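K.L.:
Attaching a single structure in structure tokens format; questions to follow.
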Amino acid sequence: MMLICIGCISFPLFILYDMNQIKSNSKFFKPLFFVGSIILFSVTLKLSATVYDSDYSVAFLTVAVFYLLAGLNLLLLVYTLFFAIPFQEAYVEGSKQKICKEGVYALCRHPGVIFLAGFYLFLGLALGRPVMLLAGLCFTVLNLLYVWIQDTYIFPALFDGYEEYRKEAPFLIPDRDSVKKCKRDLSRRYGRK
């Protein structure tokens, strides 16, 4: 339980990092996003490395599928946070970035929430560890609070045109139009021309 509490510290650090972008953009606060990410990653590794529950009796193929789905969600989360938006603008310069409305950000305004929740759900199922599912639930709830703060206070102050983007893309749950736009953007960017 202590590890989950330590992991929860990440989310106030993320909020402080974002608040800094709309206030002073101080160099002191710029590392907070990475510090929070490292804390969350370390806690997840520690929770994953604890002893496997030998009473967990799920077919090997099912466990393999859960691991595959957890890995896919993790890859999508990393892509969403660090590659779908310009890294230099978003994490190094801060408060200089332009709003991204394409690709996964056409799907919904906060696609990382979906991928973080999916990662913890499938990792918890693969490990057969209720503590990982509890950690994932706690981190997802805090992430929901975090993106609500972003959507309500931080991003409207940080990005020109954020109100328009709110009308274009759903908050969290993709709809048919946003899925089509996401597919079209990604195929134009990575595939078929």
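Every chain in the structure tokens takes a letter, A first, then B, and so on in the order presented; its residues are numbered from 1, and the ligands are numbered from 1 following the presented order.
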Could you pull the residues within 9 Å of Phe14 of chain A, counting only C-alpha atoms, minus those fewer than 4 positions along the same chain, as a PyMOL selection string?

P.N.:
chain A and resi 10+18-19+32-37+146

K.L.:
Would you mind writing down, as a ChimeraX atom specification, each residue of segment 77-181 of chain A that DSSP on the backbone assigns to helix (DSSP H, G or I)?

P.N.:
/A:77-82,87-93,104-107,111-127,130-158,162-168,176-181

K.L.:
May I ask which of the residues A:Phe119, A:Phe29, A:Phe139, A:Phe82 is the closest one to Ile9 of chain A, counting only C-alpha atoms?

P.N.:
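Residue with the minimum atom-to-atom distance to Ile9 of chain A: A:Phe139.
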
K.L.:
Using only C-alpha atoms for the distances, tell me which of A:Lys167, A:Arg188, A:Lys46, A:Lys181 is nearest to Ala106 of chain A.

P.N.:
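Selected residue with least distance to Ala106 of chain A: A:Lys181.
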
K.L.:
From the set A:Cys108, A:Cys5, A:Leu74, A:Leu137, which residue has the shortest atom-to-atom contact distance to Arg176 of chain A, counting only C-alpha atoms?

P.N.:
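Looking at the shortest contact to Arg176 of chain A, the residue is A:Cys108.
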
K.L.:
Hey, can you check how far atom CA of Lys101 of chain A sits from atom CA of Thr152 of chain A?

P.N.:
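Taking atom CA of Lys101 of chain A and atom CA of Thr152 of chain A, their separation equals 17.1 Å.
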
K.L.:
Calculate how many Å separate atom CA of Ile114 of chain A from atom CA of Asp177 of chain A, rounding to one decimal.

P.N.:
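Here the two named atoms are 17.6 Å from each other.
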